[in-house]
Every structure is written in C-alpha cells, then in structure tokens.
Amino acid sequence: MRADAVVVGSGPNGLVAAVTLARAGREVLLLEAAERFGGGLRSAELTLPGHVHDLGATVMAMALASPAFRGLELKGVEFAHSPVAVAHPLDDRPAVLVHRDVRRTAAGLGPDAGAWLASVGALVKAGLPLVELLLKPLGPWPVAPRAFAGAAWFGPMAALPATTFAKALRTVEARALLAGMSAHSMLDLRSPLTAGYGLTLAGLAHLVGWPVVRGGSQVLADALVAELRSLGGQAVAGHRVRRLAELDAPIVVLDVTPRQLLALADLPAGYRRRLERYRYGPGVFKMDWALDGPVPWRDPAVAGAATVHLGGTFEEIVLSEAEMAAGRHSPRPYVLLVQPYAADPTRGGHTLWAYCHVPKGSAADMSDAIETQIERYAPGFRDRVLARHVSGPAELEAGNPNLVGGDIGGGLASLGQFLRRPVWSPAPWRTPLPGVFLCSSSTPPGPGAHGMGGWQAARLALRT
Ligand SMILES: Cc1cc2nc3c(=O)[nH]c(=O)nc-3n(C[C@H](O)[C@H](O)[C@H](O)COP(=O)(O)OP(=O)(O)OC[C@H]3O[C@@H](n4cnc5c(N)ncnc54)[C@H](O)[C@@H]3O)c2cc1C
C-alpha cells in the first residue's frame, strides 16, 4: 500500500499522528484493525439499543490539557463538565468532593486544606505550562519560567510514593482522596511517582476539569478521522497489519505496543532485546451497565460527579492495590467508576462503567466484588440494572491488541519505564528501522487520551 505516510492504528495517538502528518502536506493512509476507528476512544451500544457506552476513555482531562489536541480545534466536539469533577464516598461521613475551584476543594479537607494548596495548588499556580512540561518530558519545552519554577517545587513531591506523601496528611478525607487519585497509576501505592500521578490528575481537575465528550468519546475519534479525510488522507478500518513489509511508505507510524512491534518486523538484536524487556502492567476487569435511573448514592452529592472513586479509606485502597501488584485479587477492590450522564444526558439513558485492577491476564470474575463496592455506597444499585456487559482482560485484548493482558496503560507506569518508554533514548518514538516510528501509550508521556505520543512521533518523522 503506497502513501507518503502510513499510520497503523487509530487510537488517539495514531489519529493525532495521522492528522499532524496530513496537515504538513503528506498523503496519509491510516489502517485500523477494528471495524471502528478510535481504539480507546471508541463507543458502542454494549448493553441495550440506544445506550452509548465508551469502550475505553471517557474522562477527557488529558485531551483538554494536551497541546496536541489544543492545536487541532476540531469541529463538532463539545466537552461537557459535571457539576463536581470527582467524588470519593466514605462509609461513615460525607463524600470528599473535587471541585473545579482549588480553594473550594481545599476547604472541604479541613486541617489538610493547606497541604492541598501547597501541593495540588502549586501545580495549579504554575498552570498549563507545567502540565505541558509533564506531557512533553523530553521537550520541546515551553519557555515559561513559571513552569520551571513550578517543576522545581512540584517535582520532588511528585516523585514520592503516595504512602510517603500521605504522611503529610492528617484527615481521613484527604488521605482517601490521594489514594483514589494515585491508584489511577495501576501501581502499588508504595512505589515512587504514585503521589505525582495522583497530584497531577487532581491538578487537572482544577485547571481544565474532568469533562466527557458530549455524545460519547467516539465523537472525538470520528472528528479526527473527518479532519484527516478533509486533508485528503485515507482511513481504512477492518485492516490489521501483520508485517511491515506489506507497507510501502517512507514514513510509517505505529500505534502499537512493543510486543506487537516485535511481531511486525525483524529488528536489530539490541533493540529487540530492549523491547523484550519491556514490562506490561496489571489488567483491568471492566463492567458496563444500562440503568433505569441514576445510581442511588447514599450521599446525594456523589450524583454530581462524572468520576467516582470507590474503595473507602487510604489504608483500604493501599491494601487493594498492593494485593493486585502481588498477583492477587482484592475482595474489596479499588473501583474507578464513571457515570457520564452526570455531565452528558445525550447518551441514551443512564449508562455507567466501572473497573477494578486485576493481575495481568487474570481470568477471575470480579463482577460481584465490583457491584458489592457500589452497593456499599449506593444501596439498591443492583435493582436499577437493566443490562450489564462484562469485559475481563482477555475480552479487552481481543477488542484491541494494544491492551496486552488487559493493561490499559500500554505498559507498567513504574519509575524505570517513565525513563525508558519503551527504551532509554532522547527520541524514544524513533525505531532503528529507517522511517519507522512508534507513537502509542508505550512511548512518552504514557497512557491517556492526550495524543501526545502521536504528535511527537509525527513531528520527529517530519524532521527526518
Ligand atoms: C476501559 C478503559 C478506560 C479508560 N479510561 C480513560 C479515561 O477516562 N481517560 C483517559 O485519558 N484515558 C483512559 N483510558 C486510556 C486511554 O484509552 C489510552 O491511554 C489511549 O487510548 C491510548 O491511545 P493509543 O493511541 O496509544 O492506543 P489505543 O487507543 O489503544 O489504540 C490503538 C489502536 O491500534 C489498533 N491496532 C493495533 N495493532 C494494529 C495492527 N497491527 N493493525 C491495525 N491496527 C492496529 C488497535 O485496534 C487500536 O484501535 C482508558 C482505557 C481503557 C481501556
């Protein structure tokens, strides 16, 4: 297949790479294995007709903060915010709420208000230039002195394990909130950087919000495909590339993870060995529901948040993630739940998803454990269920080969792989094969619907 540039895979990174190359005047061919474009941005009627569910990403904080998306100004994509960004219900007291306003959020944390302002507030003060620095760890960097000043203050805190950072917090509320945020990393919360993941995500809630795409994340994927086509690019779905030899283009950008690259091409031995050492993270067990009404939260404030962290106190969540990291299944898992209808009533009813972390490739059925955690804070939840859809690691990987063993992060988010993603290099998007680049979430800055890997890979490709 001949073109100036072929992009393999249409997740947010592949789509951004394709559009960036097409905008630079290259004739682009985008090939996608699945029947629908979008990868982690796809939506589908998983339960009942007319009920739109996101297969992957729903919360678009990363997209809003991303320089890659900000530059695109896509038509027809509307971000919808829930009244509260994030809620974390607790058993014996009101839920902890994260508002757009950092001071209002801090005020809800009592004696820990100062700690919230000194940590998350510092990120907010440094603003988007600091977030850009985090999203472009290897440059090019913004020339904003406050970003570097912010990084000097925020960096050392961010490097800490969440369990270490939590020693500075006194309240059950702030500690639980930190655990719920940090657990997005899918790491044992005793690992370095886990505080940083949590504080950064919390900072994004204040800086840009945690919105959803009105109508479902597929709308964003479709807008990117439409943009590519309007620039003369071709997009073909239902075409799985099995060997790079099938492709005939001076530029090839691959939205795949290291394991797939190893199967796609014969690579020099040194690079091959480095990719073989790349580590995947744990998996997720995801459930989608169609409900006959909103989740009956015991604390009604939780209904206003599109994202809800379940799992109780800091100690419980630390234990749940430590169990998962040790290869076991927590009977009371940390559950990340998204109720998009809190922000967007246009998805055909009350659709809901939630997942918990499980050991890589696990075949365990976590449905009961997840629903029990929801019932704990929303008694009567099960009575609202019209239909449910369950995807364990195997089903997730069957729908998207990038989700190796159910790992939705494209590889472990450890300190080592923060620096070596997938290899240690000033330009890790480049492979040793001439004109061939990697752009998936297995490259910096890692997981999330930000498109930054695609943007960096395309910019590098255009320079060579
Ligand atoms: C359940 C779930 C919930 C999530 N929630 C959020 C969230 O709320 N917010 C957020 O920011 N992120 C979230 N994420 C993470 C986010 O979706 C990913 O980080 C992001 O999609 C990664 O983008 P990507 O372009 O690297 O790869 P992907 O989106 O995984 O896309 C890769 C694409 O490449 C295609 N492909 C692979 N190999 C081939 C081949 N050989 N030939 C052709 N095509 C191929 C695949 O079919 C797939 O479409 C979630 C992910 C999941 C699974």
# chains A, B, ... in the order shown; residues from 1 in each chain; ligands from 1
$ residues_around --residues "stretch 90-96 of chain A" --least-positions-apart "6" --cutoff "12 Å" --atoms "only C-alpha atoms" --output "PyMOL selection string"
chain A and resi 84+104-110+171-178+180-181+297-305+308-314+316-317+373-379
$ select_by_dssp --residues "stretch 347-380 of chain A" --states "alpha helix (DSSP H)" --output "list in words"
Ser367, Asp368, Ala369, Ile370, Glu371, Thr372, Gln373, Ile374, Glu375, Arg376 and Tyr377 of chain A
$ write_last_selection --atoms "C-alpha atoms" --output "short mmCIF file (atom, residue, chain, number, x, y, z; two decimals), in the first residue's frame"
data_model
loop_
_atom_site.label_atom_id
_atom_site.label_comp_id
_atom_site.auth_asym_id
_atom_site.auth_seq_id
_atom_site.Cartn_x
_atom_site.Cartn_y
_atom_site.Cartn_z
CA SER A 367 -18.43 -8.66 38.82
CA ASP A 368 -19.68 -9.43 42.29
CA ALA A 369 -16.77 -7.65 44.02
CA ILE A 370 -17.32 -4.52 41.90
CA GLU A 371 -21.08 -4.44 42.38
CA THR A 372 -20.67 -5.02 46.11
CA GLN A 373 -18.38 -1.98 46.33
CA ILE A 374 -21.02 0.11 44.51
CA GLU A 375 -23.82 -1.20 46.76
CA ARG A 376 -21.70 -0.25 49.78
CA TYR A 377 -22.16 3.42 48.88
#
$ residues_near_ligand --ligand "ligand 1" --cutoff "6 Å" --atoms "only C-alpha atoms and all ligand atoms" --output "MDAnalysis selection string"
chainID A and resid 8:14 31:34 38:41 55:60 62 239:242 255:256 400:402 408:409 440:441 447:449
$ closest_residue --among "A:Ala398, A:Ala387, A:Leu117, A:Leu74" --to "A:Gly361" --atoms "only C-alpha atoms"
A:Ala398
$ residues_around --residues "A:Leu130" --least-positions-apart "4" --cutoff "7 Å" --atoms "only C-alpha atoms" --output "MDAnalysis selection string"
chainID A and resid 126 134 147 150:151
$ closest_residue --among "A:Thr431, A:Ser66, A:Gln260, A:Ser185" --to "A:Leu403" --atoms "only C-alpha atoms"
A:Gln260
$ residues_around --residues "A:Leu123" --least-positions-apart "3" --cutoff "7 Å" --atoms "only C-alpha atoms" --output "PDB file with C-alpha atoms, in the first residue's frame"
ATOM      1  CA  SER A 119       0.862  20.531  46.556  1.00  0.00           C
ATOM      2  CA  VAL A 120      -2.010  20.421  44.056  1.00  0.00           C
ATOM      3  CA  ALA A 126       2.192  27.031  37.659  1.00  0.00           C
ATOM      4  CA  GLY A 127      -0.667  26.344  35.250  1.00  0.00           C
ATOM      5  CA  GLY A 150       6.653  25.077  39.456  1.00  0.00           C
ATOM      6  CA  PHE A 154       6.329  20.088  42.460  1.00  0.00           C
ATOM      7  CA  GLY A 203      -4.435  19.426  39.452  1.00  0.00           C
TER       8      GLY A 203
END
$ closest_residue --among "A:Glu395, A:Ala113, A:Ala306, A:Val358" --to "A:Pro331" --atoms "only C-alpha atoms"
A:Val358
$ residues_around --residues "stretch 46-50 of chain A" --least-positions-apart "6" --cutoff "8 Å" --atoms "only C-alpha atoms" --output "PyMOL selection string"
chain A and resi 288-290+347-349+387-389
$ residues_around --residues "A:Ala159" --least-positions-apart "5" --cutoff "7 Å" --atoms "only C-alpha atoms" --output "number ranges by chain"
A: 192-193, 195-196
$ decode --residues "stretch 93-136 of chain A" --atoms "N, CA and C atoms" --output "short mmCIF file (atom, residue, chain, number, x, y, z; two decimals), in the first residue's frame"
data_model
loop_
_atom_site.label_atom_id
_atom_site.label_comp_id
_atom_site.auth_asym_id
_atom_site.auth_seq_id
_atom_site.Cartn_x
_atom_site.Cartn_y
_atom_site.Cartn_z
N ARG A 93 -19.20 9.12 56.74
CA ARG A 93 -19.13 10.59 56.69
C ARG A 93 -19.43 11.04 55.26
N PRO A 94 -19.62 12.33 55.04
CA PRO A 94 -19.93 12.80 53.68
C PRO A 94 -18.79 12.49 52.71
N ALA A 95 -19.14 12.40 51.43
CA ALA A 95 -18.14 12.12 50.39
C ALA A 95 -17.16 13.29 50.27
N VAL A 96 -15.93 12.98 49.86
CA VAL A 96 -14.96 14.02 49.55
C VAL A 96 -15.21 14.45 48.11
N LEU A 97 -15.22 15.76 47.87
CA LEU A 97 -15.54 16.24 46.53
C LEU A 97 -14.39 17.07 45.97
N VAL A 98 -14.10 16.85 44.69
CA VAL A 98 -13.12 17.68 43.99
C VAL A 98 -13.90 18.60 43.06
N HIS A 99 -13.80 19.90 43.33
CA HIS A 99 -14.48 20.90 42.51
C HIS A 99 -13.49 21.50 41.51
N ARG A 100 -13.99 22.22 40.54
CA ARG A 100 -13.07 22.94 39.64
C ARG A 100 -12.22 23.92 40.43
N ASP A 101 -12.80 24.50 41.46
CA ASP A 101 -12.09 25.52 42.22
C ASP A 101 -11.20 24.86 43.29
N VAL A 102 -9.91 25.17 43.24
CA VAL A 102 -8.97 24.51 44.14
C VAL A 102 -9.22 24.92 45.59
N ARG A 103 -9.61 26.17 45.82
CA ARG A 103 -9.81 26.64 47.20
C ARG A 103 -11.05 25.99 47.81
N ARG A 104 -12.09 25.85 46.99
CA ARG A 104 -13.31 25.21 47.48
C ARG A 104 -13.03 23.75 47.84
N THR A 105 -12.22 23.11 47.02
CA THR A 105 -11.86 21.71 47.30
C THR A 105 -11.06 21.64 48.59
N ALA A 106 -10.07 22.53 48.71
CA ALA A 106 -9.22 22.53 49.90
C ALA A 106 -10.06 22.77 51.15
N ALA A 107 -11.05 23.64 51.03
CA ALA A 107 -11.89 23.97 52.20
C ALA A 107 -12.61 22.73 52.72
N GLY A 108 -12.90 21.79 51.83
CA GLY A 108 -13.57 20.55 52.23
C GLY A 108 -12.63 19.58 52.95
N LEU A 109 -11.34 19.91 52.98
CA LEU A 109 -10.38 18.97 53.57
C LEU A 109 -9.93 19.39 54.96
N GLY A 110 -10.63 20.38 55.54
CA GLY A 110 -10.37 20.77 56.93
C GLY A 110 -8.91 21.09 57.17
N PRO A 111 -8.30 20.43 58.17
CA PRO A 111 -6.90 20.74 58.51
C PRO A 111 -5.91 20.44 57.38
N ASP A 112 -6.33 19.71 56.36
CA ASP A 112 -5.42 19.42 55.25
C ASP A 112 -5.57 20.41 54.09
N ALA A 113 -6.34 21.47 54.31
CA ALA A 113 -6.53 22.46 53.24
C ALA A 113 -5.17 23.02 52.81
N GLY A 114 -4.31 23.34 53.77
CA GLY A 114 -3.00 23.93 53.46
C GLY A 114 -2.14 22.96 52.65
N ALA A 115 -2.18 21.68 53.01
CA ALA A 115 -1.37 20.69 52.29
C ALA A 115 -1.85 20.56 50.85
N TRP A 116 -3.18 20.64 50.66
CA TRP A 116 -3.73 20.54 49.29
C TRP A 116 -3.27 21.75 48.47
N LEU A 117 -3.32 22.91 49.07
CA LEU A 117 -2.94 24.12 48.33
C LEU A 117 -1.44 24.14 48.05
N ALA A 118 -0.64 23.60 48.98
CA ALA A 118 0.82 23.61 48.79
C ALA A 118 1.26 22.58 47.75
N SER A 119 0.46 21.57 47.52
CA SER A 119 0.86 20.53 46.56
C SER A 119 0.08 20.69 45.25
N VAL A 120 -1.18 20.30 45.26
CA VAL A 120 -2.01 20.42 44.06
C VAL A 120 -2.12 21.90 43.65
N GLY A 121 -2.27 22.76 44.67
CA GLY A 121 -2.39 24.20 44.40
C GLY A 121 -1.16 24.75 43.69
N ALA A 122 0.02 24.19 44.00
CA ALA A 122 1.26 24.67 43.36
C ALA A 122 1.23 24.35 41.87
N LEU A 123 0.71 23.17 41.56
CA LEU A 123 0.60 22.79 40.14
C LEU A 123 -0.37 23.73 39.42
N VAL A 124 -1.46 24.01 40.12
CA VAL A 124 -2.49 24.88 39.53
C VAL A 124 -1.90 26.28 39.30
N LYS A 125 -1.11 26.74 40.25
CA LYS A 125 -0.50 28.07 40.14
C LYS A 125 0.47 28.13 38.95
N ALA A 126 1.25 27.06 38.78
CA ALA A 126 2.19 27.03 37.66
C ALA A 126 1.43 26.92 36.33
N GLY A 127 0.24 26.33 36.40
CA GLY A 127 -0.67 26.34 35.25
C GLY A 127 -0.31 25.35 34.16
N LEU A 128 -0.97 25.54 33.00
CA LEU A 128 -0.82 24.58 31.91
C LEU A 128 0.62 24.44 31.41
N PRO A 129 1.44 25.50 31.47
CA PRO A 129 2.83 25.29 31.02
C PRO A 129 3.53 24.17 31.79
N LEU A 130 3.22 24.02 33.09
CA LEU A 130 3.84 22.93 33.85
C LEU A 130 3.27 21.58 33.40
N VAL A 131 1.96 21.56 33.14
CA VAL A 131 1.35 20.30 32.67
C VAL A 131 1.99 19.93 31.32
N GLU A 132 2.23 20.95 30.50
CA GLU A 132 2.84 20.70 29.20
C GLU A 132 4.24 20.10 29.36
N LEU A 133 4.92 20.58 30.38
CA LEU A 133 6.25 20.05 30.67
C LEU A 133 6.15 18.56 31.03
N LEU A 134 5.10 18.20 31.78
CA LEU A 134 4.91 16.80 32.18
C LEU A 134 4.50 15.95 30.97
N LEU A 135 3.71 16.57 30.07
CA LEU A 135 3.27 15.82 28.89
C LEU A 135 4.36 15.72 27.84
N LYS A 136 5.35 16.61 27.92
CA LYS A 136 6.46 16.57 26.95
C LYS A 136 7.76 16.44 27.74
#
